[in-house]
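**Student:** Coordinates in query12.cif, mmCIF, C-alpha atoms; chains and numbers go by the auth columns, are listed below.
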```
data_model
loop_
_atom_site.group_PDB
_atom_site.id
_atom_site.type_symbol
_atom_site.label_atom_id
_atom_site.label_comp_id
_atom_site.label_asym_id
_atom_site.label_seq_id
_atom_site.Cartn_x
_atom_site.Cartn_y
_atom_site.Cartn_z
_atom_site.B_iso_or_equiv
_atom_site.auth_seq_id
_atom_site.auth_asym_id
ATOM 1 C CA MET A 1 8.115 -4.785 -25.665 0.00 82 A
ATOM 2 C CA GLU A 2 9.253 -3.147 -22.461 0.00 83 A
ATOM 3 C CA ALA A 3 7.035 -0.136 -23.106 0.00 84 A
ATOM 4 C CA PHE A 4 4.055 -2.391 -23.812 0.00 85 A
ATOM 5 C CA THR A 5 4.588 -4.314 -20.547 0.00 86 A
ATOM 6 C CA PHE A 6 4.994 -1.098 -18.581 0.00 87 A
ATOM 7 C CA TYR A 7 1.811 0.447 -19.977 0.00 88 A
ATOM 8 C CA LEU A 8 -0.110 -2.796 -19.452 0.00 89 A
ATOM 9 C CA PHE A 9 0.888 -2.972 -15.766 0.00 90 A
ATOM 10 C CA SER A 10 0.278 0.760 -15.320 0.00 91 A
ATOM 11 C CA PHE A 11 -3.176 0.456 -16.848 0.00 92 A
ATOM 12 C CA LEU A 12 -3.998 -2.482 -14.556 0.00 93 A
ATOM 13 C CA ILE A 13 -2.684 -0.634 -11.489 0.00 94 A
ATOM 14 C CA ILE A 14 -4.594 2.585 -12.155 0.00 95 A
ATOM 15 C CA ILE A 15 -7.874 0.935 -13.162 0.00 96 A
ATOM 16 C CA SER A 16 -7.861 -1.457 -10.208 0.00 97 A
ATOM 17 C CA ALA A 17 -6.833 1.301 -7.766 0.00 98 A
ATOM 18 C CA LEU A 18 -9.721 3.454 -8.990 0.00 99 A
ATOM 19 C CA ALA A 19 -12.020 0.459 -8.534 0.00 100 A
ATOM 20 C CA VAL A 20 -10.708 -0.009 -4.974 0.00 101 A
ATOM 21 C CA VAL A 21 -11.570 3.543 -3.960 0.00 102 A
ATOM 22 C CA THR A 22 -14.918 3.867 -5.767 0.00 103 A
ATOM 23 C CA MET A 23 -16.765 0.536 -5.887 0.00 104 A
ATOM 24 C CA ARG A 24 -19.824 -0.017 -3.703 0.00 105 A
ATOM 25 C CA ASN A 25 -19.265 -3.675 -2.838 0.00 106 A
ATOM 26 C CA ILE A 26 -16.392 -3.826 -0.363 0.00 107 A
ATOM 27 C CA PHE A 27 -15.623 -7.422 -1.305 0.00 108 A
ATOM 28 C CA HIS A 28 -15.106 -6.447 -4.947 0.00 109 A
ATOM 29 C CA CYS A 29 -12.825 -3.685 -3.689 0.00 110 A
ATOM 30 C CA ALA A 30 -10.680 -6.302 -1.962 0.00 111 A
ATOM 31 C CA LEU A 31 -10.465 -8.413 -5.133 0.00 112 A
ATOM 32 C CA PHE A 32 -9.389 -5.388 -7.168 0.00 113 A
ATOM 33 C CA LEU A 33 -6.824 -4.600 -4.453 0.00 114 A
ATOM 34 C CA ILE A 34 -5.312 -8.056 -5.045 0.00 115 A
ATOM 35 C CA LEU A 35 -5.103 -7.338 -8.803 0.00 116 A
ATOM 36 C CA CYS A 36 -3.439 -4.000 -8.076 0.00 117 A
ATOM 37 C CA LEU A 37 -0.854 -5.560 -5.752 0.00 118 A
ATOM 38 C CA PHE A 38 -0.063 -8.242 -8.352 0.00 119 A
ATOM 39 C CA SER A 39 0.525 -5.575 -10.969 0.00 120 A
ATOM 40 C CA VAL A 40 2.845 -3.703 -8.601 0.00 121 A
ATOM 41 C CA ALA A 41 4.819 -6.948 -8.288 0.00 122 A
ATOM 42 C CA GLY A 42 5.063 -6.955 -12.094 0.00 123 A
ATOM 43 C CA ILE A 43 6.429 -3.406 -11.997 0.00 124 A
ATOM 44 C CA PHE A 44 9.038 -4.608 -9.464 0.00 125 A
ATOM 45 C CA VAL A 45 10.097 -7.359 -11.872 0.00 126 A
ATOM 46 C CA MET A 46 10.462 -4.741 -14.623 0.00 127 A
ATOM 47 C CA LEU A 47 12.726 -2.747 -12.274 0.00 128 A
ATOM 48 C CA HIS A 48 14.929 -5.834 -11.728 0.00 129 A
ATOM 49 C CA ALA A 49 13.832 -6.248 -8.110 0.00 130 A
ATOM 50 C CA GLU A 50 12.954 -9.935 -8.248 0.00 131 A
ATOM 51 C CA PHE A 51 13.256 -10.608 -4.526 0.00 132 A
ATOM 52 C CA LEU A 52 11.000 -7.652 -3.773 0.00 133 A
ATOM 53 C CA ALA A 53 8.424 -8.940 -6.267 0.00 134 A
ATOM 54 C CA ALA A 54 8.426 -12.306 -4.477 0.00 135 A
ATOM 55 C CA VAL A 55 8.060 -10.590 -1.095 0.00 136 A
ATOM 56 C CA GLN A 56 5.225 -8.476 -2.509 0.00 137 A
ATOM 57 C CA VAL A 57 3.342 -11.553 -3.710 0.00 138 A
ATOM 58 C CA LEU A 58 3.983 -13.485 -0.480 0.00 139 A
ATOM 59 C CA ILE A 59 3.166 -10.754 2.048 0.00 140 A
ATOM 60 C CA TYR A 60 0.681 -8.508 0.255 0.00 141 A
ATOM 61 C CA VAL A 61 -1.183 -10.913 -2.023 0.00 142 A
ATOM 62 C CA GLY A 62 -0.801 -13.837 0.331 0.00 143 A
ATOM 63 C CA ALA A 63 -1.184 -12.406 3.817 0.00 144 A
ATOM 64 C CA VAL A 64 -2.514 -8.853 3.825 0.00 145 A
ATOM 65 C CA SER A 65 -5.328 -9.420 1.344 0.00 146 A
ATOM 66 C CA ILE A 66 -6.452 -12.574 3.139 0.00 147 A
ATOM 67 C CA LEU A 67 -6.482 -10.581 6.386 0.00 148 A
ATOM 68 C CA ILE A 68 -8.549 -7.824 4.754 0.00 149 A
ATOM 69 C CA ILE A 69 -11.051 -10.313 3.306 0.00 150 A
ATOM 70 C CA PHE A 70 -11.272 -11.962 6.740 0.00 151 A
ATOM 71 C CA ALA A 71 -12.053 -8.575 8.343 0.00 152 A
ATOM 72 C CA ILE A 72 -14.634 -7.779 5.651 0.00 153 A
ATOM 73 C CA MET A 73 -16.424 -11.060 6.333 0.00 154 A
ATOM 74 C CA LEU A 74 -16.425 -10.379 10.085 0.00 155 A
ATOM 75 C CA THR A 75 -17.757 -6.828 9.699 0.00 156 A
ATOM 76 C CA SER A 76 -19.904 -7.054 6.572 0.00 157 A
ATOM 77 C CA ARG A 77 -23.105 -5.678 8.114 0.00 158 A
ATOM 78 C CA LEU A 78 -22.808 -1.962 7.421 0.00 159 A
ATOM 79 C CA ALA A 79 -25.607 0.387 8.438 0.00 160 A
ATOM 80 C CA GLY A 80 -28.208 0.116 5.635 0.00 161 A
ATOM 81 C CA ARG A 81 -27.761 -1.198 2.127 0.00 162 A
ATOM 82 C CA ASP A 82 -28.405 2.176 0.508 0.00 163 A
ATOM 83 C CA ALA A 83 -25.965 4.094 2.686 0.00 164 A
ATOM 84 C CA PRO A 84 -23.529 6.090 0.515 0.00 165 A
ATOM 85 C CA VAL A 85 -20.033 4.643 0.342 0.00 166 A
ATOM 86 C CA VAL A 86 -18.381 8.051 0.311 0.00 167 A
ATOM 87 C CA ASN A 87 -18.768 10.909 2.754 0.00 168 A
ATOM 88 C CA GLU A 88 -19.557 14.555 2.056 0.00 169 A
ATOM 89 C CA GLN A 89 -15.901 15.317 1.291 0.00 170 A
ATOM 90 C CA PHE A 90 -16.168 13.575 -2.097 0.00 171 A
ATOM 91 C CA PHE A 91 -15.690 16.640 -4.312 0.00 172 A
ATOM 92 C CA LEU A 92 -13.296 18.446 -1.971 0.00 173 A
ATOM 93 C CA GLY A 93 -11.195 15.281 -1.588 0.00 174 A
ATOM 94 C CA GLY A 94 -11.176 14.681 -5.336 0.00 175 A
ATOM 95 C CA PHE A 95 -10.147 18.265 -5.967 0.00 176 A
ATOM 96 C CA MET A 96 -7.381 18.100 -3.372 0.00 177 A
ATOM 97 C CA SER A 97 -5.987 14.828 -4.716 0.00 178 A
ATOM 98 C CA LEU A 98 -5.974 16.286 -8.255 0.00 179 A
ATOM 99 C CA VAL A 99 -4.111 19.345 -6.959 0.00 180 A
ATOM 100 C CA LEU A 100 -1.635 17.032 -5.220 0.00 181 A
ATOM 101 C CA LEU A 101 -1.208 14.983 -8.408 0.00 182 A
ATOM 102 C CA PHE A 102 -0.566 18.033 -10.597 0.00 183 A
ATOM 103 C CA SER A 103 1.901 19.545 -8.132 0.00 184 A
ATOM 104 C CA LEU A 104 3.755 16.219 -7.848 0.00 185 A
ATOM 105 C CA VAL A 105 3.954 15.747 -11.626 0.00 186 A
ATOM 106 C CA TYR A 106 5.008 19.364 -12.119 0.00 187 A
ATOM 107 C CA THR A 107 7.770 18.942 -9.515 0.00 188 A
ATOM 108 C CA LEU A 108 8.936 15.740 -11.202 0.00 189 A
ATOM 109 C CA LYS A 109 9.040 17.446 -14.593 0.00 190 A
ATOM 110 C CA GLU A 110 11.025 20.383 -13.249 0.00 191 A
ATOM 111 C CA THR A 111 13.535 18.346 -11.231 0.00 192 A
ATOM 112 C CA ILE A 112 16.677 17.004 -12.882 0.00 193 A
ATOM 113 C CA PHE A 113 17.600 13.614 -11.454 0.00 194 A
ATOM 114 C CA ARG A 114 21.102 12.272 -11.844 0.00 195 A
ATOM 115 C CA VAL A 115 20.265 9.114 -13.758 0.00 196 A
ATOM 116 C CA VAL A 116 23.111 6.703 -14.337 0.00 197 A
ATOM 117 C CA ALA A 117 22.961 4.182 -17.178 0.00 198 A
ATOM 118 C CA GLU A 118 24.377 1.193 -15.339 0.00 199 A
ATOM 119 C CA PRO A 119 23.156 -2.367 -15.744 0.00 200 A
ATOM 120 C CA PRO A 120 21.146 -3.763 -12.811 0.00 201 A
ATOM 121 C CA ALA A 121 23.144 -5.267 -9.970 0.00 202 A
ATOM 122 C CA PRO A 122 23.792 -8.993 -10.467 0.00 203 A
ATOM 123 C CA GLN A 123 22.724 -11.418 -7.721 0.00 204 A
ATOM 124 C CA SER A 124 20.590 -8.789 -6.041 0.00 205 A
ATOM 125 C CA THR A 125 18.850 -11.289 -3.759 0.00 206 A
ATOM 126 C CA LEU A 126 22.153 -12.524 -2.358 0.00 207 A
ATOM 127 C CA ARG A 127 23.361 -8.977 -1.789 0.00 208 A
ATOM 128 C CA ILE A 128 20.110 -7.887 -0.133 0.00 209 A
ATOM 129 C CA GLY A 129 20.468 -10.787 2.285 0.00 210 A
ATOM 130 C CA GLN A 130 24.048 -9.828 3.054 0.00 211 A
ATOM 131 C CA MET A 131 23.062 -6.185 3.584 0.00 212 A
ATOM 132 C CA LEU A 132 20.227 -7.164 5.935 0.00 213 A
ATOM 133 C CA MET A 133 22.673 -9.177 8.024 0.00 214 A
ATOM 134 C CA THR A 134 25.534 -6.660 8.082 0.00 215 A
ATOM 135 C CA ASP A 135 24.822 -2.957 7.507 0.00 216 A
ATOM 136 C CA TYR A 136 21.113 -3.017 8.228 0.00 217 A
ATOM 137 C CA VAL A 137 21.036 -5.543 11.041 0.00 218 A
ATOM 138 C CA LEU A 138 19.775 -2.979 13.581 0.00 219 A
ATOM 139 C CA PRO A 139 16.658 -1.959 11.580 0.00 220 A
ATOM 140 C CA PHE A 140 16.145 -5.643 10.814 0.00 221 A
ATOM 141 C CA GLU A 141 16.067 -6.511 14.523 0.00 222 A
ATOM 142 C CA LEU A 142 13.882 -3.479 15.274 0.00 223 A
ATOM 143 C CA VAL A 143 11.377 -4.671 12.665 0.00 224 A
ATOM 144 C CA SER A 144 11.413 -8.109 14.327 0.00 225 A
ATOM 145 C CA VAL A 145 10.579 -6.526 17.693 0.00 226 A
ATOM 146 C CA LEU A 146 7.851 -4.469 15.985 0.00 227 A
ATOM 147 C CA LEU A 147 6.329 -7.632 14.521 0.00 228 A
ATOM 148 C CA LEU A 148 6.352 -9.304 17.951 0.00 229 A
ATOM 149 C CA ALA A 149 4.674 -6.260 19.516 0.00 230 A
ATOM 150 C CA VAL A 150 2.062 -6.204 16.731 0.00 231 A
ATOM 151 C CA LEU A 151 1.381 -9.914 17.224 0.00 232 A
ATOM 152 C CA ILE A 152 0.727 -9.437 20.938 0.00 233 A
ATOM 153 C CA GLY A 153 -1.181 -6.187 20.377 0.00 234 A
ATOM 154 C CA ALA A 154 -3.525 -7.657 17.774 0.00 235 A
ATOM 155 C CA ILE A 155 -4.308 -10.621 20.037 0.00 236 A
ATOM 156 C CA VAL A 156 -4.962 -8.352 23.034 0.00 237 A
ATOM 157 C CA LEU A 157 -7.140 -5.973 20.987 0.00 238 A
ATOM 158 C CA ALA A 158 -9.269 -8.562 19.219 0.00 239 A
ATOM 159 C CA ARG A 159 -9.708 -10.892 22.199 0.00 240 A
ATOM 160 C CA ARG A 160 -13.134 -10.944 23.825 0.00 241 A
ATOM 161 C CA GLU A 161 -13.286 -9.530 27.323 0.00 242 A
ATOM 162 C CA GLY A 162 -13.772 -11.994 30.162 0.00 243 A
ATOM 163 C CA ASN A 163 -12.248 -15.228 28.886 0.00 244 A
ATOM 164 C CA MET B 1 11.234 3.170 -19.778 0.00 114 V
ATOM 165 C CA LEU B 2 12.564 6.241 -18.051 0.00 115 V
ATOM 166 C CA LEU B 3 12.602 7.142 -14.371 0.00 116 V
ATOM 167 C CA MET B 4 9.921 9.755 -15.047 0.00 117 V
ATOM 168 C CA HIS B 5 7.385 7.132 -16.128 0.00 118 V
ATOM 169 C CA TYR B 6 7.732 5.147 -12.922 0.00 119 V
ATOM 170 C CA LEU B 7 7.597 8.249 -10.719 0.00 120 V
ATOM 171 C CA THR B 8 4.465 9.472 -12.505 0.00 121 V
ATOM 172 C CA LEU B 9 2.832 6.073 -12.028 0.00 122 V
ATOM 173 C CA ALA B 10 3.703 6.198 -8.326 0.00 123 V
ATOM 174 C CA ALA B 11 2.308 9.739 -8.035 0.00 124 V
ATOM 175 C CA ILE B 12 -0.985 8.690 -9.663 0.00 125 V
ATOM 176 C CA LEU B 13 -1.276 5.661 -7.387 0.00 126 V
ATOM 177 C CA PHE B 14 -0.504 7.773 -4.302 0.00 127 V
ATOM 178 C CA CYS B 15 -3.166 10.333 -5.212 0.00 128 V
ATOM 179 C CA ILE B 16 -5.790 7.623 -5.803 0.00 129 V
ATOM 180 C CA GLY B 17 -4.956 6.188 -2.375 0.00 130 V
ATOM 181 C CA PHE B 18 -5.183 9.639 -0.801 0.00 131 V
ATOM 182 C CA PHE B 19 -8.574 10.164 -2.422 0.00 132 V
ATOM 183 C CA GLY B 20 -9.766 6.861 -0.970 0.00 133 V
ATOM 184 C CA VAL B 21 -8.504 7.710 2.522 0.00 134 V
ATOM 185 C CA VAL B 22 -10.311 11.053 2.699 0.00 135 V
ATOM 186 C CA THR B 23 -13.580 9.991 1.057 0.00 136 V
ATOM 187 C CA ARG B 24 -14.443 6.394 1.993 0.00 137 V
ATOM 188 C CA ARG B 25 -16.709 5.785 4.974 0.00 138 V
ATOM 189 C CA ASN B 26 -15.948 2.097 5.519 0.00 139 V
ATOM 190 C CA ALA B 27 -12.936 1.726 7.824 0.00 140 V
ATOM 191 C CA VAL B 28 -11.690 -1.386 5.974 0.00 141 V
ATOM 192 C CA ALA B 29 -11.807 0.551 2.687 0.00 142 V
ATOM 193 C CA ILE B 30 -9.712 3.291 4.300 0.00 143 V
ATOM 194 C CA LEU B 31 -7.121 0.679 5.283 0.00 144 V
ATOM 195 C CA MET B 32 -7.092 -0.666 1.704 0.00 145 V
ATOM 196 C CA SER B 33 -6.467 2.852 0.381 0.00 146 V
ATOM 197 C CA VAL B 34 -3.564 3.203 2.806 0.00 147 V
ATOM 198 C CA GLU B 35 -2.128 0.022 1.284 0.00 148 V
ATOM 199 C CA LEU B 36 -2.309 1.655 -2.161 0.00 149 V
ATOM 200 C CA MET B 37 -0.303 4.610 -0.834 0.00 150 V
ATOM 201 C CA PHE B 38 2.328 2.270 0.639 0.00 151 V
ATOM 202 C CA ASN B 39 2.681 0.587 -2.743 0.00 152 V
ATOM 203 C CA ALA B 40 3.174 3.935 -4.455 0.00 153 V
ATOM 204 C CA VAL B 41 6.005 4.714 -2.045 0.00 154 V
ATOM 205 C CA ASN B 42 7.572 1.318 -2.740 0.00 155 V
ATOM 206 C CA ILE B 43 7.493 1.895 -6.510 0.00 156 V
ATOM 207 C CA ASN B 44 9.205 5.241 -5.890 0.00 157 V
ATOM 208 C CA LEU B 45 11.945 3.679 -3.760 0.00 158 V
ATOM 209 C CA VAL B 46 12.669 0.844 -6.175 0.00 159 V
ATOM 210 C CA ALA B 47 12.614 3.134 -9.222 0.00 160 V
ATOM 211 C CA PHE B 48 15.111 5.538 -7.657 0.00 161 V
ATOM 212 C CA ASN B 49 17.233 2.555 -6.663 0.00 162 V
ATOM 213 C CA ARG B 50 17.208 1.209 -10.210 0.00 163 V
ATOM 214 C CA PHE B 51 17.875 4.453 -12.040 0.00 164 V
ATOM 215 C CA THR B 52 20.134 6.511 -9.769 0.00 165 V
ATOM 216 C CA ALA B 53 22.185 3.918 -7.850 0.00 166 V
ATOM 217 C CA PRO B 54 21.617 0.437 -9.287 0.00 167 V
ATOM 218 C CA ASP B 55 24.582 -1.029 -7.472 0.00 168 V
ATOM 219 C CA ALA B 56 23.681 0.158 -3.965 0.00 169 V
ATOM 220 C CA LEU B 57 20.355 -1.736 -3.470 0.00 170 V
ATOM 221 C CA VAL B 58 19.502 0.464 -0.475 0.00 171 V
ATOM 222 C CA GLY B 59 16.109 1.331 -1.966 0.00 172 V
ATOM 223 C CA GLN B 60 15.142 -2.329 -2.166 0.00 173 V
ATOM 224 C CA VAL B 61 16.221 -2.976 1.439 0.00 174 V
ATOM 225 C CA PHE B 62 14.102 -0.068 2.647 0.00 175 V
ATOM 226 C CA SER B 63 11.182 -1.260 0.531 0.00 176 V
ATOM 227 C CA ILE B 64 11.328 -4.527 2.461 0.00 177 V
ATOM 228 C CA PHE B 65 11.087 -2.571 5.719 0.00 178 V
ATOM 229 C CA VAL B 66 8.151 -0.571 4.305 0.00 179 V
ATOM 230 C CA ILE B 67 6.358 -3.809 3.376 0.00 180 V
ATOM 231 C CA VAL B 68 6.900 -5.271 6.865 0.00 181 V
ATOM 232 C CA VAL B 69 5.707 -2.102 8.603 0.00 182 V
ATOM 233 C CA ALA B 70 2.667 -1.985 6.289 0.00 183 V
ATOM 234 C CA ALA B 71 1.795 -5.558 7.212 0.00 184 V
ATOM 235 C CA ALA B 72 2.105 -4.650 10.908 0.00 185 V
ATOM 236 C CA GLU B 73 -0.056 -1.559 10.386 0.00 186 V
ATOM 237 C CA VAL B 74 -2.834 -3.426 8.633 0.00 187 V
ATOM 238 C CA THR B 75 -2.822 -6.137 11.318 0.00 188 V
ATOM 239 C CA VAL B 76 -3.319 -3.692 14.181 0.00 189 V
ATOM 240 C CA GLY B 77 -5.737 -1.606 12.093 0.00 190 V
ATOM 241 C CA LEU B 78 -7.981 -4.556 11.332 0.00 191 V
ATOM 242 C CA ALA B 79 -7.909 -5.645 14.988 0.00 192 V
ATOM 243 C CA ILE B 80 -9.088 -2.140 15.944 0.00 193 V
ATOM 244 C CA VAL B 81 -11.761 -2.257 13.213 0.00 194 V
ATOM 245 C CA ILE B 82 -13.078 -5.556 14.558 0.00 195 V
ATOM 246 C CA LEU B 83 -13.107 -4.120 18.083 0.00 196 V
ATOM 247 C CA ILE B 84 -15.024 -1.038 16.892 0.00 197 V
ATOM 248 C CA TYR B 85 -17.490 -3.263 15.066 0.00 198 V
ATOM 249 C CA ARG B 86 -18.070 -5.268 18.218 0.00 199 V
ATOM 250 C CA ASN B 87 -18.810 -2.164 20.280 0.00 200 V
ATOM 251 C CA TRP B 88 -20.674 0.009 17.738 0.00 201 V
ATOM 252 C CA ARG B 89 -22.178 -2.612 15.390 0.00 202 V
ATOM 253 C CA SER B 90 -20.834 -0.429 12.555 0.00 203 V
ATOM 254 C CA ILE B 91 -17.505 0.408 10.979 0.00 204 V
ATOM 255 C CA ASP B 92 -18.585 3.746 9.509 0.00 205 V
ATOM 256 C CA ALA B 93 -15.541 5.931 10.141 0.00 206 V
ATOM 257 C CA ASP B 94 -17.718 9.058 10.326 0.00 207 V
ATOM 258 C CA ARG B 95 -19.776 7.688 13.195 0.00 208 V
ATOM 259 C CA VAL B 96 -16.827 6.675 15.358 0.00 209 V
ATOM 260 C CA ASN B 97 -16.147 10.070 16.886 0.00 210 V
ATOM 261 C CA LEU B 98 -15.520 9.292 20.527 0.00 211 V
ATOM 262 C CA LEU B 99 -12.176 11.085 20.524 0.00 212 V
ATOM 263 C CA LYS B 100 -13.550 14.155 18.716 0.00 213 V
ATOM 264 C CA TRP B 101 -14.719 17.244 20.570 0.00 214 V
#
```
Output the file's structure as structure tokens, nothing else.
**Tutor:**
Amino acid sequence: MEAFTFYLFSFLIIISALAVVTMRNIFHCALFLILCLFSVAGIFVMLHAEFLAAVQVLIYVGAVSILIIFAIMLTSRLAGRDAPVVNEQFFLGGFMSLVLLFSLVYTLKETIFRVVAEPPAPQSTLRIGQMLMTDYVLPFELVSVLLLAVLIGAIVLARREGN
Amino acid sequence: MLLMHYLTLAAILFCIGFFGVVTRRNAVAILMSVELMFNAVNINLVAFNRFTAPDALVGQVFSIFVIVVAAAEVTVGLAIVILIYRNWRSIDADRVNLLKW
């Protein structure tokens, strides 16, 4: 059952990711991106990271994809309907990503990881909250400042000049 | 499922995202491919957390930071894309070469 679920989510992730990088219609790309992000949330659930799966659905599926669709609708008029969606680096880029994939998989096969057979941590959400407020409070605050800076920066960038 | 399966899935997803970043011409599509790469990294972090130190939960905490930084990145990126569209009437990443020489 676990293997079936894993292969189902993996299949969905890979197919939808390939659709995101190859489809002509940019809006369909965005819809397949949503499917891919949902499947990644499923993988998180399989890894016993329930809080992370919820964050993934809330931030990625809820916020980021809506933002991307919003940007697509504002900038939909691309130069010419028949313009190619990929540039002249198509074959070189495909070759390089295949080389990267094979080297990564080869490295993973050759490396021996120290896997421990422990059960997943109970009450992980509670403990993540405690860690964010104690050990990792400095990165947490830094990320808050980053979000504030991004908020101001996005408003300043996208605002029309003059008003 | 073993650690190897999850790491291989993350590697495949990362390479698909890389392929999208170097080949797409639409700037929004490039940003979407970057999101795929971020997700691959998150799968890696959570898988290592689950299989090598399930009690520490550090991988999940850092995945949360990765998700927040990715959201910040896509916000600023899309603001820049909209600005480029307003000035060039196009978001073809190959045509925006003002900083190239």
**Student:** (5.9, -13.7, -3.3) in this file's frame - what residues fall within 12 Å of it? Use only C-alpha atoms and give the answer as an NGL selection string.
**Tutor:** (:A and (118-119 or 121-123 or 125-126 or 130-144)) or (:V and (180))
**Student:** Counting only C-alpha atoms, figure out which residue out of V:Val154, V:Ala184, V:Leu116, V:Leu149 gets nearest to A:Leu116.
**Tutor:**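 Nearest to A:Leu116: V:Leu149.
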**Student:** If the PyMOL selection byres ((chain V) within 6 of (chain A)) were run on this exact file, what residues would it hold? Put them as a PDB file with C-alpha atoms, in the coordinates of the input.
**Tutor:**
```
ATOM      1  CA  CYS V 128      -3.166  10.333  -5.212  1.00  0.00           C
ATOM      2  CA  PHE V 132      -8.574  10.164  -2.422  1.00  0.00           C
ATOM      3  CA  GLY V 133      -9.766   6.861  -0.970  1.00  0.00           C
ATOM      4  CA  THR V 136     -13.580   9.991   1.057  1.00  0.00           C
ATOM      5  CA  ARG V 137     -14.443   6.394   1.993  1.00  0.00           C
ATOM      6  CA  ARG V 138     -16.709   5.785   4.974  1.00  0.00           C
ATOM      7  CA  PHE V 164      17.875   4.453 -12.040  1.00  0.00           C
ATOM      8  CA  THR V 165      20.134   6.511  -9.769  1.00  0.00           C
ATOM      9  CA  PRO V 167      21.617   0.437  -9.287  1.00  0.00           C
ATOM     10  CA  ASP V 168      24.582  -1.029  -7.472  1.00  0.00           C
ATOM     11  CA  VAL V 189      -3.319  -3.692  14.181  1.00  0.00           C
ATOM     12  CA  ALA V 192      -7.909  -5.645  14.988  1.00  0.00           C
ATOM     13  CA  LEU V 196     -13.107  -4.120  18.083  1.00  0.00           C
ATOM     14  CA  SER V 203     -20.834  -0.429  12.555  1.00  0.00           C
TER      15      SER V 203
END
```
**Student:** Report as a list of chain:residue names the residues that result from applying the PyMOL selection byres ((chain V and resi 140) around 7) to the structure here.
**Tutor:**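 Applied to this file, the PyMOL selection byres ((chain V and resi 140) around 7) selects V:Arg138, V:Asn139, V:Val141, V:Ala142, V:Ile143, V:Leu144, V:Val194, V:Ile204, V:Asp205, V:Ala206.
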**Student:** May I ask for the distance between atom CA of V:Ile197 and atom CA of A:Asn106, given in Å to one decimal place?
**Tutor:**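 It comes out at 20.4 Å.
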**Student:** What is the distance, in Å and to one decimal place, between atom CA of V:Leu212 and atom CA of V:Arg199?
**Tutor:** 17.5 Å
**Student:** Quick one: of A:Leu207, A:Leu219, A:Val226, A:Ile147, who's nearest to V:Val187, counting all atoms listed in the file?
**Tutor:**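 Looking only at the distances to V:Val187, the closest residue turns out to be A:Ile147.
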**Student:** Do you know which residues the PyMOL selection byres ((chain V and resi 158) around 9) returns on this file, as a list in words?
**Tutor:**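 Applied to this file, the PyMOL selection byres ((chain V and resi 158) around 9) selects Ala153, Val154, Asn155, Ile156, Asn157, Val159, Ala160, Phe161, Asn162, Arg163, Val171, Gly172, Gln173, Phe175 and Ser176 of chain V.
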**Student:** Please produce a file of those selected residues containing C-alpha atoms, as a compact mmCIF listing (two decimals), in the coordinates of the input.
**Tutor:**
```txt
# COMPACT_ATOMS: atom_id res chain seq x y z
CA ALA V 153 3.17 3.94 -4.46
CA VAL V 154 6.00 4.71 -2.04
CA ASN V 155 7.57 1.32 -2.74
CA ILE V 156 7.49 1.90 -6.51
CA ASN V 157 9.20 5.24 -5.89
CA VAL V 159 12.67 0.84 -6.18
CA ALA V 160 12.61 3.13 -9.22
CA PHE V 161 15.11 5.54 -7.66
CA ASN V 162 17.23 2.56 -6.66
CA ARG V 163 17.21 1.21 -10.21
CA VAL V 171 19.50 0.46 -0.48
CA GLY V 172 16.11 1.33 -1.97
CA GLN V 173 15.14 -2.33 -2.17
CA PHE V 175 14.10 -0.07 2.65
CA SER V 176 11.18 -1.26 0.53
```
**Student:** Enter the distance from atom CA of V:Phe151 to atom CA of V:Val182, in Å, rounded to one decimal.
**Tutor:**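 Distance reported for this atom pair: 9.7 Å.
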**Student:** Between V:Ala183, V:Met150, V:Leu211, V:Ile195, which has the minimum distance to V:Ala123 (counting only C-alpha atoms)?
**Tutor:**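 That would be V:Met150, the residue with the smallest distance to V:Ala123.
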